[in-house]
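A.B. asks: Okay, so here is input.txt, and as you'll see once you scroll down, it has compact mmCIF, C-alpha atoms.
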```txt
# COMPACT_ATOMS: atom_id res chain seq x y z
CA MET A 1 117.30 134.09 100.34
CA LYS A 2 119.68 131.42 101.63
CA LYS A 3 117.18 130.36 104.29
CA THR A 4 114.53 129.84 101.59
CA LYS A 5 116.85 127.64 99.49
CA THR A 6 117.80 125.58 102.53
CA ARG A 7 114.14 125.15 103.45
CA GLN A 8 113.29 124.15 99.86
CA LEU A 9 116.12 121.61 99.80
CA ALA A 10 115.05 120.14 103.14
CA LEU A 11 111.43 119.94 101.99
CA CYS A 12 112.47 118.18 98.75
CA ALA A 13 114.54 115.68 100.72
CA LEU A 14 111.60 115.04 103.02
CA LEU A 15 109.24 114.52 100.07
CA ILE A 16 111.67 112.17 98.32
CA ALA A 17 112.08 110.14 101.52
CA LEU A 18 108.31 110.01 101.98
CA ALA A 19 107.77 108.91 98.37
CA LEU A 20 110.44 106.22 98.73
CA GLY A 21 108.85 105.02 101.96
CA LEU A 22 105.39 104.84 100.37
CA SER A 23 106.83 103.03 97.38
CA TYR A 24 108.46 100.48 99.69
CA VAL A 25 105.31 99.98 101.80
CA GLU A 26 103.32 99.49 98.62
CA ARG A 27 105.27 96.30 97.90
CA PHE A 28 103.49 94.67 100.84
CA ILE A 29 99.96 95.49 99.69
CA PRO A 30 98.62 92.35 97.98
CA LEU A 31 96.79 94.18 95.20
CA GLN A 32 97.10 91.11 92.95
CA LEU A 33 94.45 89.43 95.13
CA VAL A 34 91.95 92.03 93.96
CA VAL A 35 93.37 92.80 90.51
CA PRO A 36 95.14 89.69 89.18
CA LEU A 37 97.38 91.51 86.73
CA PRO A 38 101.17 91.38 86.94
CA GLY A 39 102.91 94.61 87.89
CA VAL A 40 99.80 96.49 89.04
CA LYS A 41 100.46 98.85 91.95
CA LEU A 42 98.45 101.59 93.65
CA GLY A 43 101.09 104.24 92.98
CA LEU A 44 101.17 105.59 96.52
CA ALA A 45 104.32 107.60 95.82
CA ASN A 46 102.23 109.58 93.35
CA ILE A 47 100.45 111.17 96.33
CA VAL A 48 103.71 112.91 97.19
CA THR A 49 104.35 113.83 93.56
CA LEU A 50 100.88 115.36 93.26
CA MET A 51 101.32 117.34 96.46
CA ALA A 52 104.68 118.62 95.24
CA LEU A 53 103.11 119.58 91.91
CA TYR A 54 100.21 121.46 93.51
CA PHE A 55 102.15 123.17 96.29
CA LEU A 56 105.70 123.58 94.98
CA GLY A 57 105.27 123.65 91.21
CA PRO A 58 106.37 121.51 88.28
CA ARG A 59 110.12 121.99 88.62
CA THR A 60 110.27 120.74 92.20
CA ALA A 61 107.79 117.95 91.46
CA PHE A 62 109.96 116.77 88.54
CA THR A 63 112.99 116.80 90.82
CA VAL A 64 111.18 114.75 93.47
CA LEU A 65 109.96 112.29 90.83
CA VAL A 66 113.31 111.78 89.11
CA LEU A 67 115.28 111.40 92.33
CA ARG A 68 112.67 109.00 93.73
CA CYS A 69 112.88 106.88 90.57
CA PHE A 70 116.68 106.76 90.63
CA LEU A 71 116.91 106.05 94.34
CA GLY A 72 114.10 103.50 94.17
CA SER A 73 115.92 101.60 91.43
CA LEU A 74 119.16 101.83 93.37
CA PHE A 75 117.51 100.36 96.47
CA GLY A 76 115.75 97.52 94.73
CA GLY A 77 114.33 98.18 91.29
CA GLY A 78 117.30 97.61 89.04
CA ILE A 79 117.87 99.10 85.60
CA SER A 80 114.68 97.70 84.06
CA GLY A 81 112.70 98.99 87.05
CA LEU A 82 114.25 102.42 86.46
CA ALA A 83 113.26 102.34 82.79
CA PHE A 84 109.65 101.53 83.63
CA SER A 85 109.28 103.93 86.56
CA LEU A 86 111.09 106.83 84.91
CA THR A 87 109.32 106.52 81.55
CA GLY A 88 105.92 106.16 83.20
CA GLY A 89 106.68 108.81 85.80
CA LEU A 90 107.87 111.44 83.34
CA LEU A 91 104.92 110.94 81.00
CA SER A 92 102.60 111.05 84.01
CA MET A 93 104.22 114.22 85.36
CA CYS A 94 103.99 115.99 81.99
CA THR A 95 100.32 115.02 81.74
CA MET A 96 99.50 116.11 85.29
CA THR A 97 101.41 119.38 84.87
CA LEU A 98 99.32 120.26 81.81
CA LEU A 99 95.99 119.06 83.20
CA ARG A 100 96.41 120.73 86.57
CA ARG A 101 95.59 124.04 84.89
CA VAL A 102 92.31 122.77 83.39
CA PRO A 103 89.63 124.53 85.47
CA PHE A 104 87.05 121.72 85.55
CA LEU A 105 89.52 118.99 86.58
CA SER A 106 90.01 118.35 90.27
CA VAL A 107 92.96 116.55 91.81
CA TYR A 108 90.97 113.34 91.24
CA GLY A 109 90.83 113.86 87.49
CA VAL A 110 94.45 114.93 87.31
CA SER A 111 95.45 111.83 89.30
CA VAL A 112 93.44 109.45 87.10
CA CYS A 113 94.92 110.95 83.94
CA GLY A 114 98.38 110.78 85.49
CA ALA A 115 97.88 107.10 86.34
CA ALA A 116 96.74 106.38 82.77
CA ALA A 117 99.74 108.26 81.34
CA HIS A 118 102.05 106.34 83.69
CA ASN A 119 100.69 103.04 82.37
CA LEU A 120 101.09 104.24 78.79
CA GLY A 121 104.71 105.18 79.54
CA GLN A 122 105.34 101.75 81.01
CA ILE A 123 103.92 100.09 77.90
CA LEU A 124 106.21 102.24 75.75
CA ALA A 125 109.19 101.21 77.89
CA ALA A 126 108.15 97.55 77.61
CA MET A 127 107.89 97.86 73.82
CA VAL A 128 111.46 99.16 73.67
CA LEU A 129 112.95 96.77 76.24
CA LEU A 130 111.18 93.69 74.89
CA ASP A 131 111.43 94.80 71.24
CA SER A 132 107.80 93.83 70.77
CA THR A 133 104.55 95.58 70.03
CA TYR A 134 102.48 92.74 71.50
CA VAL A 135 102.61 94.31 74.96
CA VAL A 136 100.18 96.99 73.70
CA ALA A 137 97.44 94.37 74.17
CA TYR A 138 97.96 94.78 77.92
CA LEU A 139 97.22 98.53 77.78
CA PRO A 140 93.38 98.44 77.94
CA LEU A 141 93.56 96.38 81.14
CA LEU A 142 96.10 98.77 82.65
CA LEU A 143 94.02 101.80 81.68
CA ALA A 144 90.95 100.30 83.35
CA VAL A 145 92.96 99.73 86.53
CA ALA A 146 94.38 103.28 86.26
CA VAL A 147 90.91 104.69 86.89
CA GLY A 148 90.72 102.93 90.25
CA THR A 149 94.29 103.54 91.33
CA GLY A 150 94.14 107.15 90.17
CA LEU A 151 90.99 107.70 92.22
CA VAL A 152 92.63 106.16 95.31
CA THR A 153 95.73 108.36 95.05
CA GLY A 154 93.60 111.39 94.16
CA ALA A 155 91.44 110.79 97.24
CA ALA A 156 94.51 110.45 99.45
CA CYS A 157 95.93 113.66 98.03
CA ALA A 158 92.65 115.54 98.43
CA GLY A 159 92.41 114.26 102.01
CA SER A 160 95.93 115.49 102.67
CA PHE A 161 95.01 118.92 101.27
CA ARG A 162 91.99 119.08 103.61
CA ALA A 163 94.06 117.93 106.60
CA LEU A 164 96.70 120.59 105.98
CA LYS A 165 94.00 123.24 105.62
CA ALA A 166 92.21 122.08 108.80
CA ALA A 167 95.51 122.15 110.68
CA GLY A 168 96.05 125.71 109.46
CA ILE A 169 99.37 125.00 107.80
CA GLN A 170 98.68 125.99 104.19
CA ASN A 171 101.86 128.06 104.19
CA PHE A 172 103.93 125.02 105.20
CA TRP A 173 105.10 124.71 101.60
CA GLN A 174 106.44 128.26 101.21
```
Translate the structure of the given file into structure tokens.
C.D. replies:
Amino acid sequence: MKKTKTRQLALCALLIALALGLSYVERFIPLQLVVPLPGVKLGLANIVTLMALYFLGPRTAFTVLVLRCFLGSLFGGGISGLAFSLTGGLLSMCTMTLLRRVPFLSVYGVSVCGAAAHNLGQILAAMVLLDSTYVVAYLPLLLAVAVGTGLVTGAACAGSFRALKAAGIQNFWQ
């Protein structure tokens, strides 16, 4: 039993570090050259969150998400960055947790819906922080971008699933 808990803790730490690393690397991807909207990111850390959700379950995925958000804001996001990432992340995680059980949705669909929910959560955070409802006008643009970014992260996650299966390490997560 103790060995399992230690392994789970080590795996969570590894996933959090990986998500933080992907989040940091993402800052250097000039997505604004393709999509000229402020604040738009691919959401690469969501690949790790999705993998945690599918392989380790919602509780562990929530833990990875929350710790990544807090540590990410500590290392460079600030309090407002925490508000945006945590609000978006939690709404996204709740959405993905529910939709993961829908039989006709693949990881692509779950990822796209999670990206859309993340953007909705960020708009809600912006409404509270800016004390304005005008930011809702930005939501349709963000939702359109969420389709593309959700497909990219869904494809990366699906590719990771296939790579793990091809390598014969499906039980890596247990």
A.B. asks: Using Å and a single decimal, report how far CA of Ala158 (chain A) sits from CA of Leu67 (chain A).
C.D. replies: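 CA of Leu67 (chain A) sits 23.8 Å away from CA of Ala158 (chain A).
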A.B. asks: So, with only C-alpha atoms as the atoms that count, which of A:Leu20, A:Cys12, A:Cys69, A:Met93 lies closest to Leu56 (chain A)?
C.D. replies: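 Smallest separation from Leu56 (chain A) among the options: A:Cys12.
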A.B. asks: For region 153-155 of chain A, work out the shell of residues within 12 Å, counting all atoms listed in the file and skipping chain neighbours fewer than 6 positions away, then give it as a list of chain:residue names.
C.D. replies: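 The residues satisfying every condition are A:Leu22, A:Lys41, A:Leu42, A:Gly43, A:Leu44, A:Ala45, A:Asn46, A:Ile47, A:Val48, A:Thr49, A:Leu50, A:Met51, A:Met96, A:Leu105, A:Ser106, A:Val107, A:Tyr108, A:Gly109, A:Val110, A:Ser111, A:Val112, A:Cys113, A:Gly114, A:Ala115, A:Ala146, A:Val147, A:Phe161, A:Arg162.
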A.B. asks: With distances taken over only C-alpha atoms, which residue among A:Leu151, A:Leu91, A:Leu98, A:Leu139 lies nearest Ala117 (chain A)?
C.D. replies: A:Leu91
A.B. asks: Suppose you want the space between CA of Ala17 (chain A) and CA of Arg101 (chain A); what is it in Å?
C.D. replies: 27.2 Å
A.B. asks: Quote the spacing between CA of Arg100 (chain A) and CA of Ser85 (chain A) in Å to one decimal place.
C.D. replies: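 Distance reported for this atom pair: 21.2 Å.
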A.B. asks: For Gly76 (chain A), which of A:Ala10, A:Phe104, A:Ser23, A:Leu37 is the closest residue, counting only C-alpha atoms?
C.D. replies: A:Ser23
A.B. asks: Mind running region 41-114 of chain A against region 121-137 of chain A at 10 Å and telling me each contacting residue's nearest atom pair with the distance in Å (one decimal), counting all atoms listed in the file, chain and number ascending, as CSV?
C.D. replies:
```
residue,atom,partner,partner_atom,distance
A:Ser80,CA,A:Leu129,CA,8.1
A:Gly81,CA,A:Gln122,CA,9.9
A:Ala83,CA,A:Ala125,CA,6.5
A:Phe84,CA,A:Gln122,CA,5.0
A:Ser85,CA,A:Gln122,CA,7.1
A:Leu86,CA,A:Gly121,CA,8.5
A:Thr87,CA,A:Gly121,CA,5.2
A:Gly88,CA,A:Gly121,CA,4.0
A:Gly89,CA,A:Gly121,CA,7.5
A:Leu90,CA,A:Gly121,CA,8.0
A:Leu91,CA,A:Gly121,CA,5.9
A:Ser92,CA,A:Gly121,CA,7.7
```
A.B. asks: Atoms to include: C-alpha atoms. Write the selected residues as a PDB file, in the coordinates of the input.
C.D. replies:
```
ATOM      1  CA  SER A  80     114.680  97.700  84.060  1.00  0.00           C
ATOM      2  CA  GLY A  81     112.700  98.990  87.050  1.00  0.00           C
ATOM      3  CA  ALA A  83     113.260 102.340  82.790  1.00  0.00           C
ATOM      4  CA  PHE A  84     109.650 101.530  83.630  1.00  0.00           C
ATOM      5  CA  SER A  85     109.280 103.930  86.560  1.00  0.00           C
ATOM      6  CA  LEU A  86     111.090 106.830  84.910  1.00  0.00           C
ATOM      7  CA  THR A  87     109.320 106.520  81.550  1.00  0.00           C
ATOM      8  CA  GLY A  88     105.920 106.160  83.200  1.00  0.00           C
ATOM      9  CA  GLY A  89     106.680 108.810  85.800  1.00  0.00           C
ATOM     10  CA  LEU A  90     107.870 111.440  83.340  1.00  0.00           C
ATOM     11  CA  LEU A  91     104.920 110.940  81.000  1.00  0.00           C
ATOM     12  CA  SER A  92     102.600 111.050  84.010  1.00  0.00           C
TER      13      SER A  92
END
```
A.B. asks: Once 8 Å is added on each side, what are the centre and the three edge lengths, in Å to one decimal, of the axis-aligned box enclosing the listed atoms of region 59-65 of chain A? Present them as AutoDock Vina command-line options.
C.D. replies:
```
--center_x 110.4 --center_y 117.1 --center_z 91.0 --size_x 21.2 --size_y 25.7 --size_z 20.9
```
A.B. asks: Since the input is missing atoms for region 124-135 of chain A, could you rebuild it with all heavy atoms and give the result as an mmCIF file, in the frame of the given file?
C.D. replies:
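The resulting part25.cif:
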```cif
data_model
loop_
_atom_site.group_PDB
_atom_site.id
_atom_site.type_symbol
_atom_site.label_atom_id
_atom_site.label_comp_id
_atom_site.auth_asym_id
_atom_site.auth_seq_id
_atom_site.Cartn_x
_atom_site.Cartn_y
_atom_site.Cartn_z
ATOM 1 N N LEU A 124 105.191 101.790 76.703
ATOM 2 C CA LEU A 124 106.210 102.240 75.750
ATOM 3 C C LEU A 124 107.590 101.716 76.133
ATOM 4 O O LEU A 124 108.354 101.270 75.270
ATOM 5 C CB LEU A 124 106.218 103.772 75.673
ATOM 6 C CG LEU A 124 104.977 104.419 75.067
ATOM 7 C CD1 LEU A 124 105.031 105.938 75.216
ATOM 8 C CD2 LEU A 124 104.817 104.020 73.608
ATOM 9 N N ALA A 125 107.905 101.747 77.430
ATOM 10 C CA ALA A 125 109.190 101.210 77.890
ATOM 11 C C ALA A 125 109.264 99.707 77.619
ATOM 12 O O ALA A 125 110.311 99.201 77.185
ATOM 13 C CB ALA A 125 109.371 101.485 79.387
ATOM 14 N N ALA A 126 108.170 98.994 77.853
ATOM 15 C CA ALA A 126 108.150 97.550 77.610
ATOM 16 C C ALA A 126 108.333 97.243 76.125
ATOM 17 O O ALA A 126 109.022 96.277 75.761
ATOM 18 C CB ALA A 126 106.836 96.948 78.112
ATOM 19 N N MET A 127 107.725 98.064 75.267
ATOM 20 C CA MET A 127 107.890 97.860 73.820
ATOM 21 C C MET A 127 109.354 97.985 73.412
ATOM 22 O O MET A 127 109.841 97.204 72.593
ATOM 23 C CB MET A 127 107.028 98.857 73.051
ATOM 24 C CG MET A 127 105.552 98.566 73.117
ATOM 25 S SD MET A 127 104.508 99.870 72.411
ATOM 26 C CE MET A 127 105.104 99.965 70.736
ATOM 27 N N VAL A 128 110.044 98.956 74.004
ATOM 28 C CA VAL A 128 111.460 99.160 73.670
ATOM 29 C C VAL A 128 112.318 98.049 74.275
ATOM 30 O O VAL A 128 113.147 97.444 73.588
ATOM 31 C CB VAL A 128 111.942 100.547 74.153
ATOM 32 C CG1 VAL A 128 113.441 100.674 74.044
ATOM 33 C CG2 VAL A 128 111.243 101.652 73.366
ATOM 34 N N LEU A 129 112.110 97.770 75.564
ATOM 35 C CA LEU A 129 112.950 96.770 76.240
ATOM 36 C C LEU A 129 112.731 95.365 75.708
ATOM 37 O O LEU A 129 113.674 94.564 75.639
ATOM 38 C CB LEU A 129 112.704 96.807 77.743
ATOM 39 C CG LEU A 129 113.198 98.052 78.478
ATOM 40 C CD1 LEU A 129 112.778 98.023 79.935
ATOM 41 C CD2 LEU A 129 114.714 98.179 78.360
ATOM 42 N N LEU A 130 111.488 95.040 75.367
ATOM 43 C CA LEU A 130 111.180 93.690 74.890
ATOM 44 C C LEU A 130 111.227 93.593 73.360
ATOM 45 O O LEU A 130 111.080 92.497 72.816
ATOM 46 C CB LEU A 130 109.792 93.264 75.388
ATOM 47 C CG LEU A 130 109.618 93.201 76.894
ATOM 48 C CD1 LEU A 130 108.171 92.913 77.255
ATOM 49 C CD2 LEU A 130 110.555 92.169 77.497
ATOM 50 N N ASP A 131 111.398 94.736 72.706
ATOM 51 C CA ASP A 131 111.430 94.800 71.240
ATOM 52 C C ASP A 131 110.199 94.093 70.653
ATOM 53 O O ASP A 131 110.303 93.240 69.777
ATOM 54 C CB ASP A 131 112.720 94.183 70.697
ATOM 55 C CG ASP A 131 112.939 94.522 69.230
ATOM 56 O OD1 ASP A 131 112.421 95.568 68.781
ATOM 57 O OD2 ASP A 131 113.596 93.720 68.521
ATOM 58 N N SER A 132 109.037 94.463 71.194
ATOM 59 C CA SER A 132 107.800 93.830 70.770
ATOM 60 C C SER A 132 106.644 94.820 70.896
ATOM 61 O O SER A 132 106.583 95.590 71.854
ATOM 62 C CB SER A 132 107.507 92.611 71.646
ATOM 63 O OG SER A 132 106.229 92.096 71.365
ATOM 64 N N THR A 133 105.741 94.751 69.954
ATOM 65 C CA THR A 133 104.550 95.580 70.030
ATOM 66 C C THR A 133 103.383 94.832 70.664
ATOM 67 O O THR A 133 102.335 95.413 70.910
ATOM 68 C CB THR A 133 104.127 96.058 68.618
ATOM 69 O OG1 THR A 133 103.926 94.908 67.795
ATOM 70 C CG2 THR A 133 105.178 96.973 68.025
ATOM 71 N N TYR A 134 103.568 93.557 70.932
ATOM 72 C CA TYR A 134 102.480 92.740 71.500
ATOM 73 C C TYR A 134 102.068 93.200 72.890
ATOM 74 O O TYR A 134 100.944 92.952 73.299
ATOM 75 C CB TYR A 134 102.873 91.268 71.530
ATOM 76 C CG TYR A 134 102.993 90.650 70.158
ATOM 77 C CD1 TYR A 134 104.212 90.181 69.682
ATOM 78 C CD2 TYR A 134 101.879 90.562 69.322
ATOM 79 C CE1 TYR A 134 104.317 89.626 68.420
ATOM 80 C CE2 TYR A 134 101.975 90.013 68.053
ATOM 81 C CZ TYR A 134 103.201 89.548 67.612
ATOM 82 O OH TYR A 134 103.296 89.009 66.367
ATOM 83 N N VAL A 135 102.957 93.872 73.608
ATOM 84 C CA VAL A 135 102.610 94.310 74.960
ATOM 85 C C VAL A 135 101.515 95.382 74.958
ATOM 86 O O VAL A 135 100.886 95.623 75.990
ATOM 87 C CB VAL A 135 103.848 94.830 75.736
ATOM 88 C CG1 VAL A 135 104.826 93.713 75.999
ATOM 89 C CG2 VAL A 135 104.517 95.965 75.003
#
```
